[in-house]
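Data file: start.txt. Format and content: compact mmCIF, C-alpha atoms.
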# COMPACT_ATOMS: atom_id res chain seq x y z
CA MET A 1 -141.23 3.79 -75.90
CA ILE A 2 -139.40 6.61 -74.14
CA PHE A 3 -139.47 10.14 -75.59
CA GLY A 4 -136.08 11.74 -74.90
CA THR A 5 -132.51 10.50 -74.69
CA GLY A 6 -131.11 12.71 -71.94
CA ASN A 7 -130.35 11.88 -68.32
CA CYS A 8 -134.06 11.76 -67.55
CA SER A 9 -134.50 8.72 -69.82
CA GLU A 10 -132.26 6.74 -67.47
CA ARG A 11 -134.39 7.80 -64.49
CA VAL A 12 -137.47 6.63 -66.37
CA GLU A 13 -135.90 3.22 -66.90
CA SER A 14 -135.02 3.06 -63.19
CA ILE A 15 -138.73 3.14 -62.20
CA LEU A 16 -139.74 0.36 -64.61
CA VAL A 17 -140.26 -3.09 -63.09
CA ASN A 18 -138.00 -5.80 -64.49
CA GLY A 19 -139.83 -8.47 -66.46
CA GLU A 20 -143.00 -6.37 -66.71
CA TYR A 21 -142.15 -4.31 -69.80
CA GLU A 22 -140.36 -4.35 -73.14
CA LEU A 23 -138.63 -1.17 -74.32
CA THR A 24 -139.16 -0.96 -78.07
CA GLY A 25 -137.12 2.20 -78.68
CA TYR A 26 -136.74 5.92 -78.14
CA LEU A 27 -138.17 9.04 -79.76
CA ASP A 28 -136.21 12.29 -79.94
CA ASN A 29 -136.45 15.64 -81.74
CA ASN A 30 -132.70 15.86 -82.34
CA PRO A 31 -132.06 14.83 -85.98
CA GLN A 32 -128.43 13.98 -85.17
CA LYS A 33 -129.66 11.08 -82.99
CA HIS A 34 -132.18 9.62 -85.44
CA TYR A 35 -131.76 5.96 -86.45
CA LYS A 36 -128.82 5.53 -84.07
CA LEU A 37 -128.65 3.34 -80.98
CA TRP A 38 -129.12 4.70 -77.46
CA ASN A 39 -128.63 2.24 -74.59
CA GLY A 40 -128.97 -0.56 -77.11
CA HIS A 41 -132.24 0.63 -78.66
CA MET A 42 -133.04 2.58 -81.83
CA VAL A 43 -133.86 6.30 -81.68
CA PHE A 44 -136.68 7.33 -84.04
CA PRO A 45 -137.87 10.77 -85.19
CA PRO A 46 -141.35 11.58 -83.83
CA LYS A 47 -142.79 11.67 -87.36
CA ASP A 48 -142.29 7.89 -87.54
CA VAL A 49 -144.58 7.27 -84.57
CA ALA A 50 -147.53 6.17 -86.72
CA GLU A 51 -145.45 3.25 -88.04
CA LEU A 52 -144.15 2.09 -84.65
CA GLN A 53 -145.66 -0.43 -82.25
CA PHE A 54 -146.08 0.56 -78.61
CA ASP A 55 -148.59 0.51 -75.75
CA TYR A 56 -147.27 3.64 -74.02
CA ILE A 57 -144.89 6.52 -74.64
CA ILE A 58 -143.25 7.88 -71.48
CA ILE A 59 -142.02 11.46 -71.90
CA ALA A 60 -138.59 11.84 -70.30
CA THR A 61 -138.15 15.63 -70.37
CA ILE A 62 -139.18 18.60 -68.28
CA HIS A 63 -140.67 20.11 -71.46
CA TYR A 64 -143.47 17.55 -71.33
CA SER A 65 -146.32 19.92 -72.22
CA THR A 66 -144.96 20.72 -75.69
CA ILE A 67 -144.13 17.04 -76.28
CA ILE A 68 -147.66 16.01 -75.32
CA GLU A 69 -149.02 18.56 -77.80
CA GLN A 70 -146.58 17.30 -80.43
CA LEU A 71 -147.63 13.66 -79.98
CA ILE A 72 -151.34 14.50 -80.05
CA ASN A 73 -150.74 16.39 -83.32
CA LEU A 74 -149.15 13.19 -84.60
CA SER A 75 -152.39 11.34 -83.74
CA VAL A 76 -151.07 9.50 -80.67
CA PRO A 77 -154.02 8.83 -78.28
CA GLU A 78 -153.75 10.75 -75.02
CA ASP A 79 -154.27 7.61 -72.94
CA LYS A 80 -151.04 6.20 -74.41
CA ILE A 81 -148.97 9.21 -73.30
CA ILE A 82 -147.37 9.32 -69.84
CA SER A 83 -145.37 12.26 -68.54
CA TYR A 84 -142.58 11.25 -66.17
CA TYR A 85 -142.78 14.55 -64.30
CA THR A 86 -146.55 14.60 -63.75
CA GLY A 87 -147.82 11.09 -64.45
CA TYR A 88 -147.22 9.77 -60.92
CA GLU A 89 -150.12 11.98 -59.75
CA SER A 90 -152.61 10.13 -61.96
CA PRO A 91 -154.70 7.31 -60.39
CA LYS A 92 -154.82 5.68 -63.82
CA ASN A 93 -151.04 5.26 -63.87
CA SER A 94 -150.89 3.82 -60.34
CA SER A 95 -152.50 0.65 -61.63
CA LEU A 96 -149.82 0.05 -64.28
CA SER A 97 -147.90 -3.08 -63.27
CA PHE A 98 -144.70 -2.14 -65.09
CA ILE A 99 -144.08 1.04 -63.03
CA ASN A 100 -142.92 1.24 -59.40
CA ASN A 101 -145.15 4.15 -58.35
CA LYS A 102 -143.60 4.75 -54.94
CA LYS A 103 -140.13 5.01 -56.45
CA TRP A 104 -141.54 7.14 -59.28
CA GLU A 105 -143.04 9.76 -56.95
CA ARG A 106 -139.93 9.84 -54.77
CA ASN A 107 -137.62 10.25 -57.79
CA VAL A 108 -139.64 13.06 -59.34
CA ILE A 109 -139.80 15.06 -56.10
CA ASN A 110 -136.04 14.66 -55.67
CA ASP A 111 -135.50 15.61 -59.32
CA TYR A 112 -137.46 18.84 -58.87
CA ILE A 113 -135.46 19.78 -55.78
CA ASP A 114 -132.13 19.00 -57.48
CA ALA A 115 -133.13 20.82 -60.67
CA LYS A 116 -134.18 23.98 -58.84
CA PHE A 117 -130.95 24.00 -56.83
CA ASP A 118 -128.78 23.32 -59.91
CA ASN A 119 -130.59 26.01 -61.89
CA TYR A 120 -130.10 28.52 -59.07
CA ILE A 121 -126.37 27.77 -58.87
CA LYS A 122 -125.91 27.78 -62.66
CA LYS A 123 -127.88 30.99 -63.22
CA ASN A 124 -126.00 32.92 -60.54
CA LYS A 125 -122.66 31.51 -61.66
CA PHE A 126 -123.17 32.98 -65.13
CA ARG A 127 -124.54 36.24 -63.75
CA ILE A 128 -121.44 36.70 -61.59
CA SER A 129 -118.96 35.72 -64.32
CA ASN A 130 -120.60 38.10 -66.82
CA LEU A 131 -120.96 41.01 -64.40
CA VAL A 132 -117.56 42.50 -65.22
CA TYR A 133 -118.58 42.78 -68.91
CA GLU A 134 -122.00 44.24 -68.18
CA MET A 135 -120.51 46.92 -65.92
CA ASN A 136 -117.41 47.60 -67.98
CA PRO A 137 -118.92 50.06 -70.52
CA VAL A 138 -119.31 52.38 -67.53
CA CYS A 139 -115.74 51.72 -66.43
CA LYS A 140 -114.36 52.16 -69.98
CA ASP A 141 -111.61 49.59 -69.43
CA LYS A 142 -109.95 49.25 -72.85
CA SER A 143 -108.46 45.87 -72.00
CA PHE A 144 -111.91 44.35 -72.53
CA PHE A 145 -113.33 43.43 -75.93
CA PHE A 146 -116.41 45.51 -76.81
CA PRO A 147 -117.48 45.96 -80.46
CA GLU A 148 -119.11 49.27 -81.37
CA PHE A 149 -122.68 49.26 -82.77
CA TYR A 150 -124.61 51.68 -84.95
CA PRO A 151 -128.00 52.90 -83.65
CA ILE A 152 -130.88 50.91 -85.10
CA ASP A 153 -132.34 54.07 -86.71
CA TYR A 154 -129.15 54.45 -88.76
CA THR A 155 -129.40 50.80 -89.85
CA PHE A 156 -132.93 51.33 -91.15
CA LYS A 157 -131.86 54.56 -92.86
CA LYS A 158 -129.22 52.62 -94.79
CA ILE A 159 -131.70 49.88 -95.73
CA ILE A 160 -134.62 52.14 -96.69
CA GLU A 161 -132.91 55.18 -98.23
CA GLU A 162 -129.77 53.58 -99.67
CA ASN A 163 -131.12 50.09 -100.48
CA ALA A 164 -128.41 48.45 -98.38
CA SER A 165 -128.32 44.68 -97.94
CA VAL A 166 -128.07 42.84 -94.61
CA CYS A 167 -125.84 39.92 -93.59
CA ARG A 168 -126.37 38.67 -90.03
CA PHE A 169 -123.98 36.70 -87.80
CA GLY A 170 -125.47 35.00 -84.75
CA ASP A 171 -124.30 32.22 -82.45
CA GLY A 172 -124.91 29.62 -85.15
CA GLU A 173 -122.76 31.41 -87.71
CA PHE A 174 -119.90 31.91 -85.23
CA SER A 175 -120.03 28.21 -84.30
CA ILE A 176 -119.84 27.14 -87.94
CA MET A 177 -116.93 29.53 -88.52
CA ALA A 178 -115.14 27.83 -85.65
CA GLY A 179 -115.90 24.36 -87.06
CA GLU A 180 -118.47 23.45 -84.40
CA ASN A 181 -121.88 21.86 -84.94
CA ARG A 182 -124.44 24.02 -83.14
CA PRO A 183 -127.55 24.90 -85.17
CA LYS A 184 -129.55 21.71 -85.63
CA PHE A 185 -130.73 22.92 -89.06
CA GLN A 186 -127.23 23.28 -90.56
CA LEU A 187 -124.30 20.95 -89.95
CA VAL A 188 -120.74 22.21 -90.28
CA ASN A 189 -119.73 22.65 -93.90
CA ASN A 190 -116.12 23.65 -94.73
CA LYS A 191 -117.14 25.81 -97.67
CA LEU A 192 -119.82 27.56 -95.60
CA SER A 193 -117.32 28.15 -92.79
CA LYS A 194 -114.81 29.72 -95.19
CA ARG A 195 -117.45 31.93 -96.80
CA LEU A 196 -118.70 33.22 -93.43
CA CYS A 197 -115.12 33.95 -92.31
CA GLU A 198 -114.59 35.87 -95.54
CA ILE A 199 -117.82 37.87 -95.45
CA ILE A 200 -117.47 39.13 -91.87
CA THR A 201 -114.25 40.92 -92.86
CA LYS A 202 -115.78 42.84 -95.78
CA ASN A 203 -116.15 46.64 -95.76
CA ASN A 204 -118.72 47.28 -98.51
CA PRO A 205 -120.79 50.31 -97.30
CA ASN A 206 -123.84 48.90 -99.08
CA ILE A 207 -123.66 45.56 -97.24
CA LEU A 208 -124.42 45.84 -93.53
CA ILE A 209 -122.52 43.32 -91.42
CA CYS A 210 -124.60 42.57 -88.32
CA ILE A 211 -123.53 40.81 -85.12
CA ALA A 212 -125.59 40.32 -81.95
CA ASN A 213 -125.11 43.02 -79.33
CA ASN A 214 -124.28 40.62 -76.48
CA TYR A 215 -120.94 41.94 -75.30
CA GLY A 216 -121.69 44.61 -72.69
CA SER A 217 -124.81 45.75 -70.84
CA LEU A 218 -127.85 43.47 -71.14
CA GLU A 219 -130.33 45.84 -69.51
CA VAL A 220 -132.58 46.09 -72.58
CA TYR A 221 -133.31 42.34 -72.53
CA THR A 222 -135.77 40.36 -70.43
CA ASP A 223 -134.34 38.49 -67.45
CA ASP A 224 -134.68 35.14 -69.24
CA ALA A 225 -133.07 36.47 -72.41
CA ALA A 226 -130.23 38.09 -70.47
CA ASP A 227 -129.58 34.85 -68.57
CA ALA A 228 -129.49 32.89 -71.83
CA ILE A 229 -126.97 35.36 -73.27
CA ARG A 230 -124.86 35.14 -70.10
CA GLN A 231 -124.83 31.35 -70.33
CA TYR A 232 -123.71 31.51 -73.96
CA MET A 233 -121.15 34.33 -73.67
CA THR A 234 -118.51 32.45 -71.75
CA ALA A 235 -114.88 33.59 -71.75
CA GLU A 236 -114.14 30.90 -74.34
CA VAL A 237 -116.92 32.13 -76.65
CA ARG A 238 -115.74 35.74 -76.30
CA LYS A 239 -112.24 34.60 -77.22
CA GLN A 240 -113.66 32.77 -80.24
CA HIS A 241 -115.59 35.85 -81.41
CA ARG A 242 -112.49 38.00 -81.00
CA LYS A 243 -110.81 36.02 -83.80
CA TYR A 244 -113.39 37.19 -86.32
CA ILE A 245 -114.47 40.64 -85.13
CA ASP A 246 -112.48 43.77 -86.01
CA ILE A 247 -112.53 46.01 -82.94
CA SER A 248 -111.80 49.07 -85.11
CA LYS A 249 -115.05 48.61 -87.06
CA THR A 250 -118.60 49.56 -86.12
CA TYR A 251 -121.23 46.86 -86.64
CA HIS A 252 -124.99 46.79 -87.06
CA ASP A 253 -127.05 44.81 -84.55
CA ALA A 254 -128.15 41.34 -85.69
CA TYR A 255 -131.03 41.56 -83.20
CA ILE A 256 -132.73 43.98 -85.58
CA THR A 257 -134.77 40.95 -86.72
CA ARG A 258 -135.55 39.98 -83.11
CA PRO A 259 -137.34 43.09 -81.86
CA TYR A 260 -139.92 41.48 -79.56
CA ILE A 261 -139.45 38.32 -77.53
CA LEU A 262 -136.00 39.17 -76.09
CA ARG A 263 -136.82 42.79 -75.24
CA LYS A 264 -138.15 44.34 -72.04
CA ASP A 265 -139.71 47.23 -73.95
CA LYS A 266 -142.81 45.74 -75.60
CA LYS A 267 -143.86 49.04 -77.22
CA LYS A 268 -140.75 49.54 -79.38
CA PRO A 269 -141.36 46.42 -81.54
CA LYS A 270 -144.36 48.00 -83.29
CA GLU A 271 -142.13 50.81 -84.53
CA ILE A 272 -139.48 48.35 -85.73
CA PHE A 273 -141.99 46.11 -87.52
CA ASN A 274 -143.37 49.21 -89.25
CA CYS A 275 -139.84 50.14 -90.35
CA PHE A 276 -139.44 46.69 -91.88
CA LYS A 277 -142.79 46.99 -93.64
CA SER A 278 -141.69 50.31 -95.14
CA ILE A 279 -138.73 48.55 -96.79
CA TRP A 280 -140.99 46.54 -99.12
CA ASN A 281 -143.94 48.94 -99.29
CA LYS A 282 -145.41 48.71 -102.82
CA LYS A 283 -142.40 46.75 -104.00
CA ASP A 284 -141.91 43.26 -105.43
CA ILE A 285 -140.34 40.78 -103.01
CA LEU A 286 -138.75 37.40 -103.60
CA ILE A 287 -138.68 35.21 -100.51
CA VAL A 288 -136.10 32.43 -100.19
CA GLU A 289 -137.11 30.26 -97.26
CA GLY A 290 -137.19 26.75 -95.85
CA GLU A 291 -139.93 24.46 -97.07
CA TYR A 292 -142.00 24.96 -93.90
CA THR A 293 -140.95 28.52 -92.93
CA ARG A 294 -143.95 30.21 -94.61
CA MET A 295 -143.04 33.80 -93.78
CA GLY A 296 -146.02 36.14 -93.71
CA VAL A 297 -148.61 33.37 -94.00
CA GLY A 298 -151.48 34.05 -91.59
CA ASN A 299 -150.37 37.61 -90.80
CA ASP A 300 -150.02 40.98 -92.53
CA LEU A 301 -146.22 41.31 -92.47
CA PHE A 302 -146.05 41.53 -96.27
CA ALA A 303 -149.58 42.80 -96.93
CA ASN A 304 -148.27 46.12 -98.32
CA ALA A 305 -145.90 44.51 -100.84
CA ASN A 306 -146.72 44.88 -104.51
CA SER A 307 -146.13 41.18 -105.19
CA ILE A 308 -144.68 38.11 -103.48
CA LYS A 309 -142.80 35.23 -105.05
CA ARG A 310 -141.26 32.34 -103.11
CA ILE A 311 -138.41 29.92 -103.65
CA LEU A 312 -138.62 26.99 -101.22
CA VAL A 313 -135.38 25.30 -100.17
CA PRO A 314 -134.51 22.47 -97.74
CA SER A 315 -135.27 23.27 -94.09
CA VAL A 316 -132.13 21.41 -92.98
CA ASN A 317 -128.60 21.73 -94.43
CA ALA A 318 -129.72 24.17 -97.12
CA PHE A 319 -126.11 25.14 -97.89
CA ASP A 320 -125.59 21.72 -99.46
CA LYS A 321 -127.79 23.09 -102.27
CA TYR A 322 -126.29 26.59 -102.26
CA ASP A 323 -125.10 26.77 -105.89
CA GLU A 324 -128.53 25.66 -107.09
CA ILE A 325 -130.29 28.18 -104.80
CA LEU A 326 -128.11 31.08 -105.98
CA GLU A 327 -128.54 30.13 -109.63
CA GLU A 328 -132.33 30.06 -109.20
CA VAL A 329 -132.49 33.47 -107.50
CA LEU A 330 -130.32 35.07 -110.20
CA LYS A 331 -133.04 34.24 -112.74
CA PHE A 332 -135.26 36.93 -111.21
CA ASN A 333 -135.26 40.65 -111.91
CA LYS A 334 -133.08 42.84 -109.70
CA ASP A 335 -136.10 45.02 -108.94
CA ASN A 336 -137.17 42.32 -106.48
CA ILE A 337 -136.10 42.76 -102.88
CA VAL A 338 -134.80 39.34 -101.80
CA LEU A 339 -135.73 38.25 -98.25
CA ALA A 340 -133.86 35.16 -97.08
CA SER A 341 -134.68 32.98 -94.07
CA VAL A 342 -132.52 29.87 -94.36
CA GLY A 343 -130.19 29.99 -91.35
CA PRO A 344 -126.48 30.56 -92.03
CA THR A 345 -127.08 30.04 -95.76
CA ALA A 346 -128.99 33.34 -95.80
CA THR A 347 -125.88 35.23 -94.66
CA VAL A 348 -123.88 34.05 -97.67
CA LEU A 349 -126.81 34.38 -100.07
CA ALA A 350 -127.49 37.99 -99.06
CA TYR A 351 -123.83 38.87 -99.58
CA ASP A 352 -123.52 37.24 -103.01
CA LEU A 353 -126.77 38.77 -104.21
CA ALA A 354 -125.74 42.23 -102.99
CA CYS A 355 -122.50 41.88 -104.94
CA SER A 356 -124.61 41.03 -108.00
CA GLY A 357 -126.71 44.20 -107.70
CA TYR A 358 -129.72 42.98 -105.68
CA GLN A 359 -130.99 44.33 -102.38
CA ALA A 360 -131.01 41.23 -100.19
CA LEU A 361 -131.90 40.97 -96.52
CA ASP A 362 -131.00 38.07 -94.25
CA ILE A 363 -134.27 38.40 -92.36
CA GLY A 364 -133.89 35.52 -89.90
CA HIS A 365 -136.72 35.00 -87.42
CA LEU A 366 -138.56 38.26 -88.13
CA ASP A 367 -141.81 36.53 -89.12
CA LEU A 368 -141.86 34.38 -85.98
CA GLU A 369 -141.13 37.45 -83.87
CA TYR A 370 -144.09 39.16 -85.55
CA GLU A 371 -146.33 36.17 -84.82
CA TRP A 372 -145.34 36.22 -81.13
CA TYR A 373 -145.85 39.99 -81.04
CA LEU A 374 -149.37 39.71 -82.49
CA MET A 375 -150.38 37.07 -79.95
CA GLY A 376 -148.71 38.87 -77.04
CA ALA A 377 -146.60 35.82 -76.18
CA ASP A 378 -144.17 36.02 -73.25
CA THR A 379 -142.02 33.14 -74.49
CA LYS A 380 -141.28 31.42 -77.77
CA VAL A 381 -144.16 29.11 -78.69
CA ASN A 382 -145.00 26.86 -81.60
CA ILE A 383 -146.84 28.24 -84.63
CA PRO A 384 -148.82 25.28 -86.05
CA GLN A 385 -148.24 25.99 -89.76
CA LYS A 386 -144.62 27.13 -89.44
CA TYR A 387 -141.24 25.55 -88.68
CA VAL A 388 -140.02 26.88 -85.31
CA ASN A 389 -136.49 25.55 -84.80
CA GLU A 390 -136.05 27.08 -81.33
CA VAL A 391 -139.06 25.43 -79.68
CA CYS A 392 -139.30 21.78 -78.69
CA GLY A 393 -141.45 19.98 -81.27
CA GLY A 394 -141.34 22.98 -83.60
CA GLU A 395 -140.28 20.85 -86.56
CA VAL A 396 -143.71 19.18 -86.56
CA VAL A 397 -145.63 21.41 -88.96
CA SER A 398 -149.21 21.06 -90.10
CA ASP A 399 -150.20 21.29 -93.76
CA CYS A 400 -150.74 24.71 -95.29
CA ASN A 401 -153.65 25.02 -97.71
CA ASP A 402 -153.50 28.80 -98.02
CA GLU A 403 -154.22 29.41 -101.72
CA ALA A 404 -152.39 32.74 -101.83
CA TYR A 405 -149.26 31.14 -100.37
CA ILE A 406 -149.40 28.19 -102.76
CA SER A 407 -149.75 30.54 -105.74
CA GLN A 408 -146.64 32.49 -104.65
CA VAL A 409 -144.33 29.45 -104.81
CA VAL A 410 -142.47 29.76 -108.10
CA SER A 411 -139.67 27.27 -107.47
CA LYS A 412 -138.83 24.44 -105.09
CA ILE A 413 -135.34 23.06 -104.50
CA THR A 414 -135.11 19.70 -102.73
CA PHE A 415 -132.51 17.04 -101.98
Here is a file; write its structure as structure tokens.
Amino acid sequence: MIFGTGNCSERVESILVNGEYELTGYLDNNPQKHYKLWNGHMVFPPKDVAELQFDYIIIATIHYSTIIEQLINLSVPEDKIISYYTGYESPKNSSLSFINNKKWERNVINDYIDAKFDNYIKKNKFRISNLVYEMNPVCKDKSFFFPEFYPIDYTFKKIIEENASVCRFGDGEFSIMAGENRPKFQLVNNKLSKRLCEIITKNNPNILICIANNYGSLEVYTDDAADAIRQYMTAEVRKQHRKYIDISKTYHDAYITRPYILRKDKKKPKEIFNCFKSIWNKKDILIVEGEYTRMGVGNDLFANANSIKRILVPSVNAFDKYDEILEEVLKFNKDNIVLASVGPTATVLAYDLACSGYQALDIGHLDLEYEWYLMGADTKVNIPQKYVNEVCGGEVVSDCNDEAYISQVVSKITF
């Protein structure tokens, strides 16, 4: 089997010797490809691997290390796993009759050279095209589109002292508003799109509308984070955002829930995490989260809360169950602070709950950011017991037997 259905999978097939192998199918982490044909063969989700027949799995992606870890966690023996990008160096693999080793080594070396060159060109292309926006706040050219943002201290003041609620709009929400499939955990839904378009226009002083501060200078972000923002913030994307953002308004920063991994300043996150902890200090919290999100499990993020209750919802396409989710939350006392981590669904849920008299926070990836902060990680990495949608293989989650967590689950909504 071949793990991956990108261009690299075709290069893997090019090094296989005709008549010496049988391709039984592909594996891929993209749920939109599962149980569909790719080059005439079925694509399976990795979780099915225990039920499939194969002698070897060849990993056709540059992210081979995380895939190897993923397959081992799924009980695939290491001697059945071959990495396209490193396997040619192994004496064990040189004896495999179904692989042309000379062609393999030559292809990989050429791939590395091409990839480095392409990455250099791509990275600098985006840096140059975005430069005018990053420098423009100094130039004060009013012909450019730059939303205004409140200072983060003011945002926390509103949340802590005035019990304000938080609705966040990131790249996923903007894509759904525009009718595009982007987040792999939530497909486009017409009702969700309309609700997001409606909410971003609201002016309730007790509901903080947050968008990501990506439009001007990126000097506060790490080089990798800044390059990722530059690659995303094309002229077309800026034009798309302009349809939904009111330039006369001042917004709160959606990155309030991403205080660590994107930032150059690694001392500031402690202060921000402490501000979040003060929100629920000695208070009752109701967490609405994906089935495998498990916010606060294994860390002390919510250790100072008076009590914790959890409603578990589908990890993928949660908005399909939105009416049921909202109805379930409304059964609980309004003294509970509601913390929602269910992708774009959380944006709508926080708004509707705020309108019903709750304090509700669309808290996004805050728990994962806290995990990475505690371990001192430089990049996003998998957390074994938690669903990490932004890391390759992050949907493979180990069982959680934490008794405190299990006791906090008061309701579970499934498809």
12 Å contact set for range 152-165 of chain A, all atoms listed in the file, chain neighbours under 2 positions out, as an mmCIF file with C-alpha atoms, in the frame of the given file:
data_model
loop_
_atom_site.group_PDB
_atom_site.id
_atom_site.type_symbol
_atom_site.label_atom_id
_atom_site.label_comp_id
_atom_site.auth_asym_id
_atom_site.auth_seq_id
_atom_site.Cartn_x
_atom_site.Cartn_y
_atom_site.Cartn_z
ATOM 1 C CA PHE A 149 -122.680 49.260 -82.770
ATOM 2 C CA TYR A 150 -124.610 51.680 -84.950
ATOM 3 C CA CYS A 167 -125.840 39.920 -93.590
ATOM 4 C CA ARG A 168 -126.370 38.670 -90.030
ATOM 5 C CA ASN A 204 -118.720 47.280 -98.510
ATOM 6 C CA PRO A 205 -120.790 50.310 -97.300
ATOM 7 C CA ASN A 206 -123.840 48.900 -99.080
ATOM 8 C CA ILE A 207 -123.660 45.560 -97.240
ATOM 9 C CA LEU A 208 -124.420 45.840 -93.530
ATOM 10 C CA ILE A 209 -122.520 43.320 -91.420
ATOM 11 C CA CYS A 210 -124.600 42.570 -88.320
ATOM 12 C CA ASN A 213 -125.110 43.020 -79.330
ATOM 13 C CA THR A 250 -118.600 49.560 -86.120
ATOM 14 C CA TYR A 251 -121.230 46.860 -86.640
ATOM 15 C CA HIS A 252 -124.990 46.790 -87.060
ATOM 16 C CA ASP A 253 -127.050 44.810 -84.550
ATOM 17 C CA ALA A 254 -128.150 41.340 -85.690
ATOM 18 C CA TYR A 255 -131.030 41.560 -83.200
ATOM 19 C CA ILE A 256 -132.730 43.980 -85.580
ATOM 20 C CA THR A 257 -134.770 40.950 -86.720
ATOM 21 C CA PRO A 259 -137.340 43.090 -81.860
ATOM 22 C CA LYS A 268 -140.750 49.540 -79.380
ATOM 23 C CA PRO A 269 -141.360 46.420 -81.540
ATOM 24 C CA GLU A 271 -142.130 50.810 -84.530
ATOM 25 C CA ILE A 272 -139.480 48.350 -85.730
ATOM 26 C CA PHE A 273 -141.990 46.110 -87.520
ATOM 27 C CA ASN A 274 -143.370 49.210 -89.250
ATOM 28 C CA CYS A 275 -139.840 50.140 -90.350
ATOM 29 C CA PHE A 276 -139.440 46.690 -91.880
ATOM 30 C CA LYS A 277 -142.790 46.990 -93.640
ATOM 31 C CA SER A 278 -141.690 50.310 -95.140
ATOM 32 C CA ILE A 279 -138.730 48.550 -96.790
ATOM 33 C CA TRP A 280 -140.990 46.540 -99.120
ATOM 34 C CA ASN A 281 -143.940 48.940 -99.290
ATOM 35 C CA LYS A 283 -142.400 46.750 -104.000
ATOM 36 C CA LYS A 334 -133.080 42.840 -109.700
ATOM 37 C CA ASP A 335 -136.100 45.020 -108.940
ATOM 38 C CA ASN A 336 -137.170 42.320 -106.480
ATOM 39 C CA ILE A 337 -136.100 42.760 -102.880
ATOM 40 C CA VAL A 338 -134.800 39.340 -101.800
ATOM 41 C CA LEU A 339 -135.730 38.250 -98.250
ATOM 42 C CA ALA A 340 -133.860 35.160 -97.080
ATOM 43 C CA ALA A 346 -128.990 33.340 -95.800
ATOM 44 C CA THR A 347 -125.880 35.230 -94.660
ATOM 45 C CA VAL A 348 -123.880 34.050 -97.670
ATOM 46 C CA LEU A 349 -126.810 34.380 -100.070
ATOM 47 C CA ALA A 350 -127.490 37.990 -99.060
ATOM 48 C CA TYR A 351 -123.830 38.870 -99.580
ATOM 49 C CA ASP A 352 -123.520 37.240 -103.010
ATOM 50 C CA LEU A 353 -126.770 38.770 -104.210
ATOM 51 C CA ALA A 354 -125.740 42.230 -102.990
ATOM 52 C CA CYS A 355 -122.500 41.880 -104.940
ATOM 53 C CA SER A 356 -124.610 41.030 -108.000
ATOM 54 C CA GLY A 357 -126.710 44.200 -107.700
ATOM 55 C CA TYR A 358 -129.720 42.980 -105.680
ATOM 56 C CA GLN A 359 -130.990 44.330 -102.380
ATOM 57 C CA ALA A 360 -131.010 41.230 -100.190
ATOM 58 C CA LEU A 361 -131.900 40.970 -96.520
ATOM 59 C CA ASP A 362 -131.000 38.070 -94.250
ATOM 60 C CA ILE A 363 -134.270 38.400 -92.360
#
### Task
Considering only C-alpha atoms, state which residue in the set A:Glu10, A:Asp55, A:Glu105, A:Asp224 is at the smallest distance from Trp38 in chain A.
A:Glu10
### Query
Can you tell me, as a VMD selection string, what residues are no more than 7 Å from Arg310 in chain A when counting only C-alpha atoms, ignoring any on the same chain fewer than 5 positions away?
chain A and resid 286 to 288 408 to 411
### Task
Write out as an NGL selection string which residues come within 10 Å of range 386-395 of chain A when counting all atoms listed in the file, dropping same-chain ones fewer than 3 positions away.
:A and (28-30 or 46-47 or 63-71 or 183-185 or 290-295 or 297-298 or 315 or 365 or 367-368 or 379-383 or 398-400)
### Non-local contacts of Leu196 in chain A (9 Å; only C-alpha atoms; under 4 positions in same chain excluded) as an MDAnalysis selection string
chainID A and resid 169 173:174 176:177 191:192 200:201 344 347:348
### Query
What gap, in Å, lies between CA of Asp111 in chain A and CA of Ala60 in chain A?
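Value for the CA of Asp111 in chain A-CA of Ala60 in chain A distance: 12.0 Å.
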### Pick from A:Arg106, A:Asn101, A:Asp300, A:Asp265 nearest to Glu219 in chain A, counting only C-alpha atoms
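Selected residue with least distance to Glu219 in chain A: A:Asp265.
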### Query
Do you have the CA of Tyr405 in chain A-CA of Tyr370 in chain A distance handy?
17.6 Å
## Note on the structure
Using all atoms listed in the file, the shortest atom-to-atom distance to Ile72 in chain A among A:Met42, A:Val396, A:Ile229, A:Val316 belongs to A:Val396
### Message
Let me make sure I understand: among A:Ile2, A:Ala212, A:Val49, A:Leu96, which one has the smallest atom-to-atom distance to Glu20 in chain A if we use only C-alpha atoms?
### Response
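Of all the options, A:Leu96 lies closest to Glu20 in chain A.
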